[in-house]
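**Student:** Dropping the structure in here first, questions after.
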Amino acid sequence: MAEDSVALDISECGTYEDLVRSMSQIQLDSQELTSRLKALHETQASPLSYSLQRLDILGAGLSGPQKGARDLIKMLSDASFVASRISQKVRQLDREQSRVQQSLEYVIQTQELKASIIGIYDATQVRDWESVAQHIHRASKLPTELVTGKFAEVMVPTEENPESPSIALRIATESFGGLFLREFESAAKAKDVEKITRFFKLFPLIGKEQEGLDVYAKFVCTIIANQSRQLMSSKIEGPLFFGMVMSRLFENIATIVDQHSPIVERYYGRGKMQRVIERIQNEADAQGGIIVDTYFDDRHINRRLSEIKSYAFSFLVQSFMPTGMGMGIGMRSVSPAVPPDAGMTSAGATSINVQDIDTLLNECGVMIGRWSLYCKFLAVKWWSQAPTEFEEDGVTAKKIGATALKVPPFLPESKLYGKMNSRVATAFESMATFFFRRSVEKAFQLDEAPSLSHLPTEPSVTSPLISSAIDDVMYVLNAVLERTVSTGHPNLIRNVVANVRRVLESDLVGMIQRKMRDESYPRAPATSNSNTPALPPNDKVNSFLILLNNLAVATEYIERIVETVVGTCGDGKVVSVFPFGDDHEQVIASLRALSHSFETRVKELLNDGVQVIYVQVVKPRLRPLLATAFKDATYMTHGAVGDDAEESLSQQQADLVRLRFSYGWDAMMHPIRRILTEKNYSRLLAVTSEQLSGMLERRVWGMSGRVNELGAIQLERDVAGIISHVSQGKWYFLRERFVRVAQLVMVLGMDESELEAGGIEWVLTEDERRRAATIRVDENV
């Protein structure tokens with residue numbers, strides 16, 4: 001039975017009876033589960049019913065607020081409708097009030113228009129022009145549509161003024177504009193300043209601003225023209241007459257612009273003076289053009305320029321010709337007593353008075369300098385009238401300050417601008433270039449060498465031995481550069497500086513180079529005695545040395561002159577003679593390029609000249625000098641190092657070599673040192689020391705087997721004495737040239753352990769040190 005009460009799994013049923021029994025058991029289990037679920041449901045039904053009841057009660061409670069909400073919505077809807085109606089009424093009232101206000105303003109403006117026209121009529125009767133202008137000004141401020149409107153055409157006309165207001169105002173403006181113009185011109189003729197000012201300030205009130213500025217500019221130009229004519233009508237006297245007249249013209253314009261700018265700005269507004277300045281510039285073109293043309297005619301500038309162009313510079317040209325042609329290379333310079341142009345004219349050249357050219361240059365430079373100042377003044381005044389910010393090339397820029405000016409836009413178009421920047425500036429450039437080159441030519445014609453009869457022991461730093469031509473040329477160079485820079489004309493300065501540079505490098509340097517090559521070259525004469533070195537004549541050597549001094553001193557002078565002239569140009573930031581764009585930097589660069597280019601050109605020639613002095617004068621005496629110094633000197637010294645006799649002999653020998661060399665060296669170099677400048681002598685010493693070091697080194701290398709231990713010490717003393725004498729005092733830096741030979745003789749006195757020890761910065765290579773050690777004879781072997 002127990003087995004029957006347990007239900008079998010369907011998958012385990014093997015017979016039909018097992019399947020029926022299993023299904024019956026499953027049905028019993030299902031019924032039991034259903035009973036249990038019903039019982040559970042019955043126990044949970046009470047709380048759920050309670051929740052449903054509460055929901056029903058809450059739903060019934062919401063019906064009251066819902067009704068209140070519907071009532072509130074209805075009430076708000078009615079209020080919104082009422083508010084909308086009220087707002088619409090308010091807007092309608094505002095429109096009506098605005099229209100009433102506009103109508104009132106229209107009526108008031110119409111009354112003002114009528115009062116202005118009546119005021120014009122009444123003021124005309126009593127010739128009260130200020131009141132007339134004020135009435136016209138007030139009427140012009142009214143809206144155009146009001147003046148031309150039908151209401152004004154009906155309400156404004158009166159029996160005395162039947163015209164429509166627009167016609168009446170136009171007629172009044174034109175008629176009183178003409179009246180004021182006539183009155184202004186009448187006052188200008190009478191030079192009644194009070195009346196001129198009275199009518200000048202009325203033009204902008206009646207809308208005739210441009211006419212007022214133009215007639216005012218015409219009045220100012222009349223003053224300028226009268227003053228200029230008065231100056232030009234006087235007798236042309238003095239070398240600076242035209243420069244003075246040009247200065248007075250620009251000074252008068254500057255004074256007028258300064259004095260009248262506040263008046264124009266007060267009555268016409270800021271920037272209106274620009275129109276007056278443009279009109280004034282037209283008058284300046286006319287009067288300045290007259291001055292320039294008269295200057296060219298009275299001073300015969302065109303003829304002078306033609307003579308300058310045809311001048312052949314015969315002395316310079318013939319001086320550069322090969323020997324045997326022209327004047328002859330060996331010819332002595334022209335005596336100071338001979339006129340500089342005597343015999344120097346040819347078919348293609350005429351005699352030109354350099355002093356006249358100098359006077360014309362001075363006058364021309366003053367004219368250009370005043371013109372440059374005038375341009376700067378106009379630029380400052382023009383841009384000071386411009387707005388604080390303005391548009392340029394589509395970009396908003398701030399007003400240009402006094403240290404970064406631009407040329408006013410109207411100025412390059414003026415006629416005087418073209419005449420001054422082309423005709424006058426070109427004449428100045430041609431005359432300045434000729435004046436400088438002719439001065440260089442004349443300086444060499446009158447050139448005199450310095451006296452060598454009483455030479456000082458030491459060369460003078462402040463008064464070096466140079467020929468007179470260098471002083472003359474540098475004086476003229478300083479004058480030309482200062483005069484050119486004083487013009488304040490950047491393009492002209494750059495052109496003149498470039499021309500001066502070419503003259504310096506081709507004529508000045510070329511003439512000195514030709515003299516060094518053909519007249520003063522220290523060439524030794526031929527000699528049959530080969531044992532005695534042939535030396536060039538002293539006069540040739542001295543002349544050559546002075547020419548070297550000429551080049552070196554000219555370089556220093558030019559550098560000082562350029563820096564002095566640069567100092568006169570201002571600092572380019574706060575104060576500058578060249579305020580436009582980058583003119584200041586370009587002028588400074590061109591001046592310093594002159595100095596740098598000349599220095600570069602001369603430096604190569606100086607090095608070649610110093611090399612000539614060494615090869616022709618020093619080198620032939622240097623080798624015999626060393627041979628004499630080391631004559632009978634032996635370095636195979638025997639005996640103990642501490643022996644008194646040997647030490648005394650060694651000391652005498654050391655003194656003998658050093659004394660011999662010192663005597664020969666001073667005899668060779670001192671005459672040269674007394675003539676050459678310090679820098680040139682330093683160049684010569686540098687070359688000589690380099691060669692002397694090589695000679696000493698070769699002599700030491702040639703002593704192999706002839707130096708013992710004590711002799712090495714003596715040799716080192718001898719070489720050290722020579723080096724010390726050559727590099728004494730301010731020439732101490734020359735010791736660097738003797739480092740190799742000093743280390744070479746030092747190695748001779750060192751043993752193997754000392755050579756291997758460190759602490760020495762060797763110039764000699766290891767192989768050279770090893771080879772140097774073999775020069776000394778080891779007597780112990």
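A note on labels: chains of the structure tokens are A, B, ... as shown, every chain counts residues from 1, and ligands are counted from 1 in their shown order.
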Which residues, written as a list in words, have at least one atom at most 6 Å from region 735-748 of chain A, with only C-alpha atoms counted and residues fewer than 5 positions away on the same chain left out?

**Tutor:**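 My reading of the contact set: Glu690, Ser693, Glu697, Ala712, Glu716 and Ala773 of chain A.
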
**Student:** Would you output that residue set with C-alpha atoms, as a short mmCIF file (atom, residue, chain, number, x, y, z; two decimals), in the first residue's frame?

**Tutor:**
data_model
loop_
_atom_site.label_atom_id
_atom_site.label_comp_id
_atom_site.auth_asym_id
_atom_site.auth_seq_id
_atom_site.Cartn_x
_atom_site.Cartn_y
_atom_site.Cartn_z
CA GLU A 690 105.58 85.41 -36.63
CA SER A 693 109.52 82.83 -34.24
CA GLU A 697 112.52 77.50 -34.27
CA ALA A 712 119.99 73.73 -23.09
CA GLU A 716 116.42 78.68 -23.18
CA ALA A 773 114.43 65.63 -26.81
#

**Student:** Which residues are close to region 371-384 of chain A, i.e. within 7 Å by only C-alpha atoms, leaving aside same-chain residues fewer than 2 positions away? Reply as a PyMOL selection string.

**Tutor:** chain A and resi 250+274+367-369+386+400+402+405-408+487-489

**Student:** Please provide as a PDB file with N, CA and C atoms, in the first residue's frame all residues within 12 Å of Ala589 (chain A), with the sequence filter that same-chain residues fewer than 6 positions apart are discarded (counting only C-alpha atoms).

**Tutor:**
ATOM      1  N   PRO A 490      66.446 112.482 -46.867  1.00  0.00           N
ATOM      2  CA  PRO A 490      67.024 111.128 -46.807  1.00  0.00           C
ATOM      3  C   PRO A 490      67.572 110.619 -48.137  1.00  0.00           C
ATOM      4  N   ILE A 493      70.741 112.425 -49.057  1.00  0.00           N
ATOM      5  CA  ILE A 493      71.861 112.024 -48.180  1.00  0.00           C
ATOM      6  C   ILE A 493      72.423 110.682 -48.622  1.00  0.00           C
ATOM      7  N   ARG A 494      71.527 109.729 -48.885  1.00  0.00           N
ATOM      8  CA  ARG A 494      72.006 108.406 -49.308  1.00  0.00           C
ATOM      9  C   ARG A 494      72.788 108.495 -50.619  1.00  0.00           C
ATOM     10  N   VAL A 497      76.220 110.312 -49.945  1.00  0.00           N
ATOM     11  CA  VAL A 497      77.114 109.429 -49.189  1.00  0.00           C
ATOM     12  C   VAL A 497      77.666 108.324 -50.097  1.00  0.00           C
ATOM     13  N   ALA A 498      76.814 107.783 -50.963  1.00  0.00           N
ATOM     14  CA  ALA A 498      77.279 106.747 -51.893  1.00  0.00           C
ATOM     15  C   ALA A 498      78.331 107.318 -52.843  1.00  0.00           C
ATOM     16  N   VAL A 562      81.972 110.013 -39.098  1.00  0.00           N
ATOM     17  CA  VAL A 562      80.666 109.386 -39.297  1.00  0.00           C
ATOM     18  C   VAL A 562      79.887 109.319 -37.987  1.00  0.00           C
ATOM     19  N   GLU A 563      80.538 108.905 -36.918  1.00  0.00           N
ATOM     20  CA  GLU A 563      79.835 108.807 -35.639  1.00  0.00           C
ATOM     21  C   GLU A 563      79.394 110.184 -35.141  1.00  0.00           C
ATOM     22  N   VAL A 566      76.406 111.056 -37.242  1.00  0.00           N
ATOM     23  CA  VAL A 566      75.270 110.234 -36.812  1.00  0.00           C
ATOM     24  C   VAL A 566      74.648 110.812 -35.552  1.00  0.00           C
ATOM     25  N   CYS A 569      71.889 113.311 -35.980  1.00  0.00           N
ATOM     26  CA  CYS A 569      70.622 112.848 -36.564  1.00  0.00           C
ATOM     27  C   CYS A 569      69.561 112.568 -35.507  1.00  0.00           C
ATOM     28  N   ASP A 582      60.976 104.867 -41.983  1.00  0.00           N
ATOM     29  CA  ASP A 582      62.263 104.327 -41.539  1.00  0.00           C
ATOM     30  C   ASP A 582      63.438 105.121 -42.113  1.00  0.00           C
ATOM     31  N   ASP A 583      63.184 106.406 -42.454  1.00  0.00           N
ATOM     32  CA  ASP A 583      64.250 107.238 -43.021  1.00  0.00           C
ATOM     33  C   ASP A 583      65.444 107.339 -42.076  1.00  0.00           C
ATOM     34  N   SER A 595      81.748 104.200 -43.607  1.00  0.00           N
ATOM     35  CA  SER A 595      82.905 103.908 -42.764  1.00  0.00           C
ATOM     36  C   SER A 595      83.337 102.450 -42.895  1.00  0.00           C
ATOM     37  N   HIS A 596      82.369 101.544 -42.868  1.00  0.00           N
ATOM     38  CA  HIS A 596      82.691 100.116 -42.918  1.00  0.00           C
ATOM     39  C   HIS A 596      83.308  99.740 -44.261  1.00  0.00           C
ATOM     40  N   SER A 597      82.738 100.256 -45.337  1.00  0.00           N
ATOM     41  CA  SER A 597      83.250  99.924 -46.662  1.00  0.00           C
ATOM     42  C   SER A 597      84.669 100.448 -46.847  1.00  0.00           C
TER      43      SER A 597
END

**Student:** If you run DSSP on the backbone, which residues of region 442-659 of chain A are helix (DSSP H, G or I), as number ranges by chain?

**Tutor:** A: 442-445, 468-486, 490-519, 538-567, 583-629, 644-659

**Student:** Which neighbours of region 509-513 of chain A fall inside 10 Å, counting only C-alpha atoms, when residues of the same chain fewer than 4 positions from it are skipped, and could you give them as a ChimeraX atom specification?

**Tutor:** /A:316-317,319-320,440-441,444,502-505,517-520,544,547-548,550-551,554,598,601-602,605-606,609

**Student:** In Å, how far is it from CA of Met420 (chain A) to CA of Gln287 (chain A)?

**Tutor:** 12.8 Å

**Student:** Set the distance at 7 Å and use only C-alpha atoms: which residues neighbour Phe242 (chain A) once local chain neighbours fewer than 5 positions away are removed? I'd like the list as a list of chain:residue names.

**Tutor:** A:Ile291, A:Tyr295, A:Glu363

**Student:** Write the residues of the preceding selection, restricted to N, CA and C atoms, as an mmCIF file, in the first residue's frame.

**Tutor:**
data_model
loop_
_atom_site.group_PDB
_atom_site.id
_atom_site.type_symbol
_atom_site.label_atom_id
_atom_site.label_comp_id
_atom_site.auth_asym_id
_atom_site.auth_seq_id
_atom_site.Cartn_x
_atom_site.Cartn_y
_atom_site.Cartn_z
ATOM 1 N N ILE A 291 60.971 131.229 -56.436
ATOM 2 C CA ILE A 291 62.272 131.337 -55.769
ATOM 3 C C ILE A 291 63.279 130.361 -56.384
ATOM 4 N N TYR A 295 66.546 131.386 -58.468
ATOM 5 C CA TYR A 295 67.836 130.910 -57.969
ATOM 6 C C TYR A 295 68.639 130.258 -59.082
ATOM 7 N N GLU A 363 74.185 127.602 -49.998
ATOM 8 C CA GLU A 363 72.865 128.205 -50.224
ATOM 9 C C GLU A 363 71.834 127.144 -50.600
#

**Student:** List the spatial neighbours of Met431 (chain A) as number ranges by chain - criterion: any atom at most 10 Å away, only C-alpha atoms, same-chain residues fewer than 5 positions off excluded.

**Tutor:** A: 301, 304-305, 308-309, 354, 357-358, 360-361, 364, 425-426, 436-437, 496

**Student:** Write to file, as a PDB file, in the first residue's frame, the residues of the selection just made, with C-alpha atoms.

**Tutor:**
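What landed in result-v2.pdb:
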ATOM      1  CA  ILE A 301      73.054 126.789 -61.854  1.00  0.00           C
ATOM      2  CA  ARG A 304      77.516 125.392 -63.438  1.00  0.00           C
ATOM      3  CA  LEU A 305      76.112 121.881 -63.661  1.00  0.00           C
ATOM      4  CA  ILE A 308      80.796 120.235 -63.566  1.00  0.00           C
ATOM      5  CA  LYS A 309      79.674 117.491 -65.895  1.00  0.00           C
ATOM      6  CA  VAL A 354      85.703 125.607 -56.091  1.00  0.00           C
ATOM      7  CA  ILE A 357      80.683 125.871 -55.810  1.00  0.00           C
ATOM      8  CA  ASP A 358      81.070 125.801 -52.026  1.00  0.00           C
ATOM      9  CA  LEU A 360      76.300 127.631 -54.025  1.00  0.00           C
ATOM     10  CA  LEU A 361      76.276 124.377 -52.088  1.00  0.00           C
ATOM     11  CA  CYS A 364      71.323 125.155 -51.880  1.00  0.00           C
ATOM     12  CA  ALA A 425      68.255 118.017 -54.780  1.00  0.00           C
ATOM     13  CA  THR A 426      69.848 116.798 -58.014  1.00  0.00           C
ATOM     14  CA  PHE A 436      84.379 116.691 -52.746  1.00  0.00           C
ATOM     15  CA  ARG A 437      86.156 115.052 -55.650  1.00  0.00           C
ATOM     16  CA  VAL A 496      75.686 111.895 -51.739  1.00  0.00           C
TER      17      VAL A 496
END

**Student:** Using only C-alpha atoms, which protein or nucleic acid residues come within 12 Å of Gly418 (chain A)? Drop anything in the same chain fewer than 5 positions from it, and give the result as a PyMOL selection string.

**Tutor:** chain A and resi 285+288-289+292+371+411-413+423-426
